[in-house]
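Only one structure is covered here, and it is reproduced in the block below.
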Amino acid sequence: MDKKLTKSTIGVGIAGTGFIGPAHVEALRRLGIPVLGLAEIDLETAQKKAAEMGIPKAYGSFESLLADPNIDVVHLATPNVLHYPFAKAALQANKHVICEKPLAMNSQESAELVKLAAEMDKVNVVNFNIRMYPMVQQARSMVQTGEIGNLFIIQGSYLQDWLLFPTDWNWRLEPGAGGRLRTVGDIGSHWLDLMTFVSGLKIKEVFADFKTFYPIRKKPAQPLETFAGKVLQPSDYIDQPITTEDYATIILHFENDVQGILTVSQVCSGRKNRLFFEINGSQSSVAWNSERPNELWVGHRTEPNQVILKDPALLAPAAREVTSYPGGHNEGFPDTFKQLYQKVYTYIFKGDYSQKPDFPTFADGHYEMLVCEAIAQSAREKVWVTI
Ligand code: SOE
């Protein structure tokens, strides 16, 4: 019989210590959930990272982390190519899994993970953290209560600039590590997940147009961590052909005849990490920008527009639930991880996995893979593709 999991008995392990792994660890600690062990590509790296992060156990391989009977939950924050094999092995080893997006390299793999998680009765999560911003939850509540009216248009963008220069390099540029889709898979997946979450509508069909502005980039001799290329001097580079997209615009047809349009890019100078959406309905509009996450714009036709500032006293119950601080005390990116794991671990500790989860699961990750594959096919064949 499985042991009863509580904050004092649970064993959490993590694989991946780049840009995002430490965000997982920090959020868990803020919730009073200790991280027991860390796996890296070899024991020396694991011991160094574990010492830096104050994690008691270091494993020189993912297999040795899984072999530890004290590990109950595994967080996967590795390059994308490892998500599927690691999630599969973790489920087979009877562990709960919290995986970074995208869940897998293709929809065959993600479908298999959905099935396996159900068979093993394990909690399965895809780290779509952006759902957990209070003002995102507020927008969703406003859609649900009818304040926006019948939805007409869902529009927006996700723009970054950290791959603007041909000397900018990261594993995400290489299809073997990051997948055949880059900008769409890396950041478009967040926007697409968010819009199906906020609107409650699935995407029926897509038409996509891609551009790779740099068909050749300069790859540094040394491996780099995400965003780190910005501070390096351009020296010792090798030419590397690029097949993944720097930019995409995608026309979307949602259920209920709702029209959508999304632009994603990693080469927009000045846009650091800006996810923007605007939803226009028959009553009003709502818009949000992740670089100003504590504000929600509400647009009206017959009265002045509003900007709602994050203040739990003024928010809908679902938004209040993911808010930790009073009005005027800003919450941001790291807080979304904390709020997501608060929901996930509450669910794990309750122990009844037949209940509907209130967080993104492998089923959501699989749906995202299907949407992304349709987008890739549309860009390739220049046709509308049905999901
Ligand atoms: C890099 O583009 C990246 O770190 C994504 O992988 C994340 O999901 C997003 O949070 C920020 O940018």
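Following the order of the structure tokens, chains are lettered A, B, ..., residues in each are numbered from 1, and ligands are numbered from 1.
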
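For Tyr247 of chain A, the non-local neighbours within 10 Å, defined as residues at least 5 positions apart in the same chain or in other chains and counting only C-alpha atoms, are Leu159, Arg182, Thr183, Val184, Asp209, Phe210, Lys211, Thr212, Phe213, Thr263, Val264, Ser265, Gln266, Val267 and Cys268 of chain A.
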
Residues from last step as file, N, CA and C atoms, as a compact mmCIF listing (two decimals), in the first residue's frame:
# COMPACT_ATOMS: atom_id res chain seq x y z
N LEU A 159 5.62 37.68 -27.12
CA LEU A 159 6.82 38.20 -27.76
C LEU A 159 7.99 38.22 -26.78
N ARG A 182 9.65 25.66 -32.47
CA ARG A 182 10.40 26.34 -31.40
C ARG A 182 9.57 27.43 -30.74
N THR A 183 9.34 28.54 -31.47
CA THR A 183 8.63 29.66 -30.83
C THR A 183 7.20 29.25 -30.49
N VAL A 184 6.56 28.53 -31.40
CA VAL A 184 5.19 28.08 -31.15
C VAL A 184 5.15 27.11 -29.98
N ASP A 209 1.33 30.87 -40.43
CA ASP A 209 2.38 31.40 -41.31
C ASP A 209 3.64 31.58 -40.47
N PHE A 210 4.74 30.94 -40.87
CA PHE A 210 5.98 30.95 -40.08
C PHE A 210 7.07 31.74 -40.79
N LYS A 211 8.03 32.24 -40.03
CA LYS A 211 9.22 32.83 -40.62
C LYS A 211 10.43 32.53 -39.75
N THR A 212 11.51 32.12 -40.40
CA THR A 212 12.80 31.99 -39.72
C THR A 212 13.68 33.09 -40.29
N PHE A 213 13.90 34.15 -39.51
CA PHE A 213 14.67 35.29 -40.01
C PHE A 213 16.15 34.95 -40.13
N THR A 263 0.14 36.11 -32.57
CA THR A 263 1.49 36.28 -33.11
C THR A 263 2.49 35.93 -32.02
N VAL A 264 3.46 35.08 -32.38
CA VAL A 264 4.53 34.75 -31.43
C VAL A 264 5.87 35.05 -32.08
N SER A 265 6.81 35.50 -31.28
CA SER A 265 8.13 35.79 -31.82
C SER A 265 9.15 35.84 -30.69
N GLN A 266 10.38 35.42 -31.03
CA GLN A 266 11.47 35.53 -30.04
C GLN A 266 12.53 36.51 -30.52
N VAL A 267 12.14 37.37 -31.50
CA VAL A 267 13.11 38.33 -32.06
C VAL A 267 12.54 39.75 -32.05
N CYS A 268 11.75 40.12 -31.05
CA CYS A 268 11.14 41.46 -30.99
C CYS A 268 11.85 42.30 -29.93

Q | strand (DSSP E or B) residues, from DSSP on the backbone, in segment 35-184 of chain A, as a list in words | A | Gly37, Leu38, Ala39, Lys57, Ala58, Tyr59, Val73, Val74, His75, Leu76, His96, Val97, Ile98, Cys99, Asn124, Val125, Val126, Leu151, Phe152, Ile153, Ile154, Gln155, Gly156, Ser157, Tyr158, Leu159 and Gln160 of chain A

Q. Do you know which residues are at most 10 Å from segment 197-200 of chain A counting only C-alpha atoms, after dropping those on the same chain fewer than 4 positions away, and could you put them as JSON, numbers by chain?
A. {"A": [131, 136, 137, 138, 139, 140, 141, 142, 143, 144, 151, 154, 191, 192, 193, 254, 255, 258, 279, 360, 364]}

Export of prior selection with N, CA, C and O atoms as a CSV table (one decimal), in the first residue's frame:
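Writing the result to part-v5.csv gives the following:
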chain,number,residue,atom,x,y,z
A,131,ARG,N,-1.6,30.2,-16.0
A,131,ARG,CA,-3.0,30.1,-15.6
A,131,ARG,C,-3.1,30.7,-14.1
A,131,ARG,O,-4.2,31.0,-13.7
A,136,VAL,N,-5.4,36.7,-14.4
A,136,VAL,CA,-5.8,35.7,-15.5
A,136,VAL,C,-7.1,35.0,-15.0
A,136,VAL,O,-8.1,34.8,-15.7
A,137,GLN,N,-7.0,34.6,-13.7
A,137,GLN,CA,-8.2,33.9,-13.1
A,137,GLN,C,-9.4,34.8,-13.1
A,137,GLN,O,-10.5,34.4,-13.3
A,138,GLN,N,-9.1,36.1,-12.8
A,138,GLN,CA,-10.2,37.1,-12.8
A,138,GLN,C,-10.8,37.2,-14.2
A,138,GLN,O,-12.1,37.2,-14.3
A,139,ALA,N,-10.0,37.3,-15.3
A,139,ALA,CA,-10.5,37.4,-16.6
A,139,ALA,C,-11.4,36.1,-16.9
A,139,ALA,O,-12.5,36.2,-17.5
A,140,ARG,N,-10.9,35.0,-16.5
A,140,ARG,CA,-11.7,33.7,-16.7
A,140,ARG,C,-13.0,33.8,-16.0
A,140,ARG,O,-14.1,33.4,-16.6
A,141,SER,N,-13.0,34.3,-14.7
A,141,SER,CA,-14.3,34.4,-14.0
A,141,SER,C,-15.2,35.3,-14.7
A,141,SER,O,-16.4,35.1,-14.7
A,142,MET,N,-14.7,36.4,-15.3
A,142,MET,CA,-15.6,37.4,-15.9
A,142,MET,C,-16.2,36.8,-17.2
A,142,MET,O,-17.3,37.1,-17.6
A,143,VAL,N,-15.4,36.0,-17.9
A,143,VAL,CA,-16.0,35.2,-19.0
A,143,VAL,C,-17.1,34.3,-18.6
A,143,VAL,O,-18.2,34.3,-19.1
A,144,GLN,N,-16.8,33.6,-17.5
A,144,GLN,CA,-17.8,32.6,-17.0
A,144,GLN,C,-19.1,33.2,-16.5
A,144,GLN,O,-20.2,32.7,-16.7
A,151,LEU,N,-18.6,35.7,-26.7
A,151,LEU,CA,-17.3,36.0,-27.2
A,151,LEU,C,-17.2,36.1,-28.7
A,151,LEU,O,-17.9,35.3,-29.4
A,154,ILE,N,-10.7,36.5,-29.9
A,154,ILE,CA,-9.6,36.2,-28.9
A,154,ILE,C,-8.3,36.5,-29.7
A,154,ILE,O,-8.0,35.8,-30.6
A,191,TRP,N,0.3,30.5,-24.5
A,191,TRP,CA,-0.8,31.4,-24.9
A,191,TRP,C,-2.0,30.5,-25.3
A,191,TRP,O,-3.1,30.8,-24.9
A,192,LEU,N,-1.8,29.5,-26.1
A,192,LEU,CA,-2.9,28.7,-26.6
A,192,LEU,C,-3.6,28.0,-25.4
A,192,LEU,O,-4.8,27.9,-25.3
A,193,ASP,N,-2.7,27.4,-24.5
A,193,ASP,CA,-3.3,26.8,-23.3
A,193,ASP,C,-4.1,27.8,-22.5
A,193,ASP,O,-5.3,27.6,-22.1
A,254,PHE,N,-12.1,29.1,-33.0
A,254,PHE,CA,-12.5,28.4,-31.7
A,254,PHE,C,-13.9,27.8,-31.9
A,254,PHE,O,-14.6,28.2,-32.9
A,255,GLU,N,-14.3,27.1,-30.9
A,255,GLU,CA,-15.7,26.7,-30.9
A,255,GLU,C,-16.6,27.9,-30.8
A,255,GLU,O,-16.1,29.0,-30.5
A,258,VAL,N,-16.0,31.6,-32.5
A,258,VAL,CA,-15.1,32.7,-32.0
A,258,VAL,C,-13.9,32.7,-32.9
A,258,VAL,O,-13.3,31.7,-33.1
A,279,ILE,N,-9.7,39.8,-25.2
A,279,ILE,CA,-10.9,39.1,-25.6
A,279,ILE,C,-12.0,40.1,-25.7
A,279,ILE,O,-12.3,40.9,-24.8
A,360,PRO,N,-3.5,22.2,-14.6
A,360,PRO,CA,-3.4,21.6,-15.9
A,360,PRO,C,-2.7,20.2,-15.9
A,360,PRO,O,-1.7,20.0,-15.2
A,364,ASP,N,-4.2,18.1,-20.8
A,364,ASP,CA,-4.0,19.4,-21.4
A,364,ASP,C,-2.8,19.5,-22.2
A,364,ASP,O,-2.7,20.2,-23.3

Q. Do you know which residues are within 9 Å of ligand 1 using only C-alpha atoms and all ligand atoms? Can you write them as an NGL selection string?
A. :A and (19-20 or 100-102 or 127-130 or 160 or 162-163 or 172 or 182-183 or 185-187 or 189-190 or 226-227 or 266 or 272-273 or 333)

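Atom CA of Leu275 of chain A to atom CA of Ile251 of chain A spans 16.8 Å [interatomic distance, one decimal].
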
Q: Identify, on the basis of only C-alpha atoms, every residue whose closest approach to Ile387 of chain A does not exceed 12 Å; exclude the query and any residue fewer than 5 positions from it along the same chain; express the result as number ranges by chain.
A: A: 107, 202-207, 252-255, 367-378

Q. With distances taken over only C-alpha atoms, which of A:Ile216, A:Met135, A:Leu262, A:Ala15 is nearest to Gly188 of chain A?
A.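 Between A:Ile216, A:Met135, A:Leu262, A:Ala15, the residue approaching Gly188 of chain A most closely is A:Leu262.
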
Q | Within 8 Å of Ser110 of chain A using only C-alpha atoms, minus same-chain residues under 2 positions, as a PyMOL selection string | A | chain A and resi 84+103-108+112-114+362+365-366+369

(Q) What's around Gly16 of chain A at 7 Å? Count only C-alpha atoms, leave out sequence neighbours fewer than 3 positions away in its own chain, and write the answer as a VMD selection string. (A) chain A and resid 21 40 76 to 78

Okay, now the selection with all heavy atoms, as an mmCIF file, in the first residue's frame?
data_model
loop_
_atom_site.group_PDB
_atom_site.id
_atom_site.type_symbol
_atom_site.label_atom_id
_atom_site.label_comp_id
_atom_site.auth_asym_id
_atom_site.auth_seq_id
_atom_site.Cartn_x
_atom_site.Cartn_y
_atom_site.Cartn_z
ATOM 1 N N GLY A 21 14.220 24.977 -13.466
ATOM 2 C CA GLY A 21 14.245 24.047 -12.329
ATOM 3 C C GLY A 21 14.275 24.771 -10.982
ATOM 4 O O GLY A 21 13.475 24.473 -10.082
ATOM 5 N N GLU A 40 21.144 15.054 -12.035
ATOM 6 C CA GLU A 40 21.821 15.764 -13.134
ATOM 7 C C GLU A 40 22.526 14.743 -14.022
ATOM 8 O O GLU A 40 22.461 13.545 -13.756
ATOM 9 C CB GLU A 40 22.804 16.802 -12.567
ATOM 10 C CG GLU A 40 22.282 18.238 -12.612
ATOM 11 C CD GLU A 40 22.032 18.765 -14.039
ATOM 12 O OE1 GLU A 40 22.449 18.107 -15.011
ATOM 13 O OE2 GLU A 40 21.403 19.825 -14.181
ATOM 14 N N LEU A 76 9.946 17.582 -13.602
ATOM 15 C CA LEU A 76 10.812 17.504 -14.779
ATOM 16 C C LEU A 76 11.003 18.889 -15.380
ATOM 17 O O LEU A 76 10.054 19.487 -15.906
ATOM 18 C CB LEU A 76 10.206 16.571 -15.824
ATOM 19 C CG LEU A 76 10.016 15.122 -15.378
ATOM 20 C CD1 LEU A 76 9.334 14.299 -16.478
ATOM 21 C CD2 LEU A 76 11.363 14.506 -15.002
ATOM 22 N N ALA A 77 12.236 19.379 -15.300
ATOM 23 C CA ALA A 77 12.551 20.707 -15.838
ATOM 24 C C ALA A 77 13.768 20.602 -16.757
ATOM 25 O O ALA A 77 14.649 21.447 -16.771
ATOM 26 C CB ALA A 77 12.819 21.673 -14.683
ATOM 27 N N THR A 78 13.784 19.524 -17.515
ATOM 28 C CA THR A 78 14.898 19.219 -18.426
ATOM 29 C C THR A 78 14.602 19.784 -19.807
ATOM 30 O O THR A 78 13.470 20.203 -20.076
ATOM 31 C CB THR A 78 15.013 17.693 -18.588
ATOM 32 O OG1 THR A 78 13.751 17.238 -19.134
ATOM 33 C CG2 THR A 78 15.269 16.993 -17.273
#

Would you give me, as a Markdown table, each residue of segment 237-322 of chain A having an atom within 12 Å of an atom of segment 340-347 of chain A, along with its shortest atom pair and that distance in Å to one decimal, using only C-alpha atoms and sorting by chain and residue number?
| residue | atom | partner | partner_atom | distance |
| --- | --- | --- | --- | --- |
| A:Ala318 | CA | A:Lys343 | CA | 11.9 |
| A:Glu321 | CA | A:Lys343 | CA | 9.7 |
| A:Val322 | CA | A:Leu340 | CA | 8.3 |

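Atom CA of Gln259 of chain A sits 6.3 Å away from atom CA of Phe152 of chain A.
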
Q | Among the residues A:Val25, A:Val74, A:Met195, A:Ile41, the one that comes closest to Ala58 of chain A [using only C-alpha atoms] | A | A:Ile41

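Take the candidates A:Gln92, A:Ser324, A:Asn150, A:Gln47 and check each one against Lys122 of chain A using only C-alpha atoms; the shortest distance goes to A:Gln92.
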
Q.
Excluding Asn94 of chain A and its own-chain neighbours fewer than 2 positions away, which residues fall within 9 Å of it when counting only C-alpha atoms? Please give them as a PyMOL selection string.
A. chain A and resi 66+72-73+89-92+96+120-122

Please dump the current selection as a short mmCIF file (atom, residue, chain, number, x, y, z; two decimals), in the first residue's frame; keep N, CA, C and O atoms.
data_model
loop_
_atom_site.label_atom_id
_atom_site.label_comp_id
_atom_site.auth_asym_id
_atom_site.auth_seq_id
_atom_site.Cartn_x
_atom_site.Cartn_y
_atom_site.Cartn_z
N LEU A 66 14.97 7.71 -9.60
CA LEU A 66 13.75 6.88 -9.60
C LEU A 66 13.89 5.65 -8.71
O LEU A 66 12.92 5.16 -8.15
N ASP A 72 8.60 10.36 -4.00
CA ASP A 72 7.19 10.11 -4.35
C ASP A 72 6.74 10.94 -5.56
O ASP A 72 5.84 10.54 -6.27
N VAL A 73 7.35 12.11 -5.71
CA VAL A 73 6.93 13.03 -6.77
C VAL A 73 8.17 13.49 -7.53
O VAL A 73 9.20 13.78 -6.91
N ALA A 89 9.20 6.85 -17.51
CA ALA A 89 9.94 6.05 -16.52
C ALA A 89 9.46 6.38 -15.10
O ALA A 89 9.35 5.48 -14.26
N ALA A 90 9.18 7.64 -14.84
CA ALA A 90 8.74 8.03 -13.48
C ALA A 90 7.38 7.41 -13.17
O ALA A 90 7.16 6.91 -12.06
N LEU A 91 6.47 7.43 -14.12
CA LEU A 91 5.15 6.82 -13.89
C LEU A 91 5.30 5.32 -13.67
O LEU A 91 4.67 4.75 -12.76
N GLN A 92 6.14 4.70 -14.51
CA GLN A 92 6.35 3.25 -14.36
C GLN A 92 6.99 2.92 -13.00
O GLN A 92 6.79 1.84 -12.48
N HIS A 96 4.40 10.32 -8.85
CA HIS A 96 3.60 11.40 -9.42
C HIS A 96 4.55 12.28 -10.24
O HIS A 96 5.73 12.41 -9.90
N MET A 120 -1.66 4.02 -14.02
CA MET A 120 -0.88 3.96 -12.77
C MET A 120 -1.57 4.73 -11.63
O MET A 120 -1.09 4.71 -10.50
N ASP A 121 -2.67 5.45 -11.95
CA ASP A 121 -3.38 6.28 -10.98
C ASP A 121 -2.43 7.27 -10.29
O ASP A 121 -2.42 7.41 -9.08
N LYS A 122 -1.66 7.98 -11.12
CA LYS A 122 -0.68 8.93 -10.60
C LYS A 122 -1.11 10.36 -10.95
O LYS A 122 -1.67 10.60 -12.03
#

Q. So, counting only C-alpha atoms, which residue among A:Asp68, A:Asp352, A:Glu291, A:Glu147 is closest to Arg274 of chain A?
A.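 Checking each candidate against Arg274 of chain A, we get A:Glu291 as the closest.
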
Q: Please measure the separation of atom CA of Val12 of chain A and atom CA of Pro34 of chain A, giving the value in Å to one decimal.
A: 7.0 Å

Q: Would you return as a ChimeraX atom specification the members of segment 216-362 of chain A that DSSP assigns to alpha helix (DSSP H) on this structure's backbone?
A: /A:317-321,333-350,362

For the residues in the current selection, export C-alpha atoms as a compact mmCIF listing (two decimals), in the first residue's frame.
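Contents of part-v7.txt, freshly written:
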# COMPACT_ATOMS: atom_id res chain seq x y z
CA PRO A 317 -13.26 33.84 -5.62
CA ALA A 318 -11.10 31.88 -8.11
CA ALA A 319 -8.72 34.83 -8.46
CA ARG A 320 -8.63 35.42 -4.70
CA GLU A 321 -7.71 31.76 -4.22
CA PHE A 333 6.17 35.02 -12.20
CA PRO A 334 7.59 33.04 -9.21
CA ASP A 335 4.24 33.31 -7.42
CA THR A 336 2.50 31.45 -10.26
CA PHE A 337 4.64 28.39 -9.56
CA LYS A 338 3.77 28.60 -5.87
CA GLN A 339 0.05 28.89 -6.60
CA LEU A 340 0.15 26.01 -9.07
CA TYR A 341 1.94 23.68 -6.63
CA GLN A 342 -0.39 24.77 -3.83
CA LYS A 343 -3.25 23.29 -5.87
CA VAL A 344 -1.26 20.24 -6.99
CA TYR A 345 0.04 19.25 -3.56
CA THR A 346 -3.29 19.89 -1.84
CA TYR A 347 -4.71 17.39 -4.34
CA ILE A 348 -1.86 14.92 -3.76
CA PHE A 349 -2.26 15.11 0.04
CA LYS A 350 -6.04 14.59 -0.19
CA PHE A 362 -1.21 15.60 -19.07
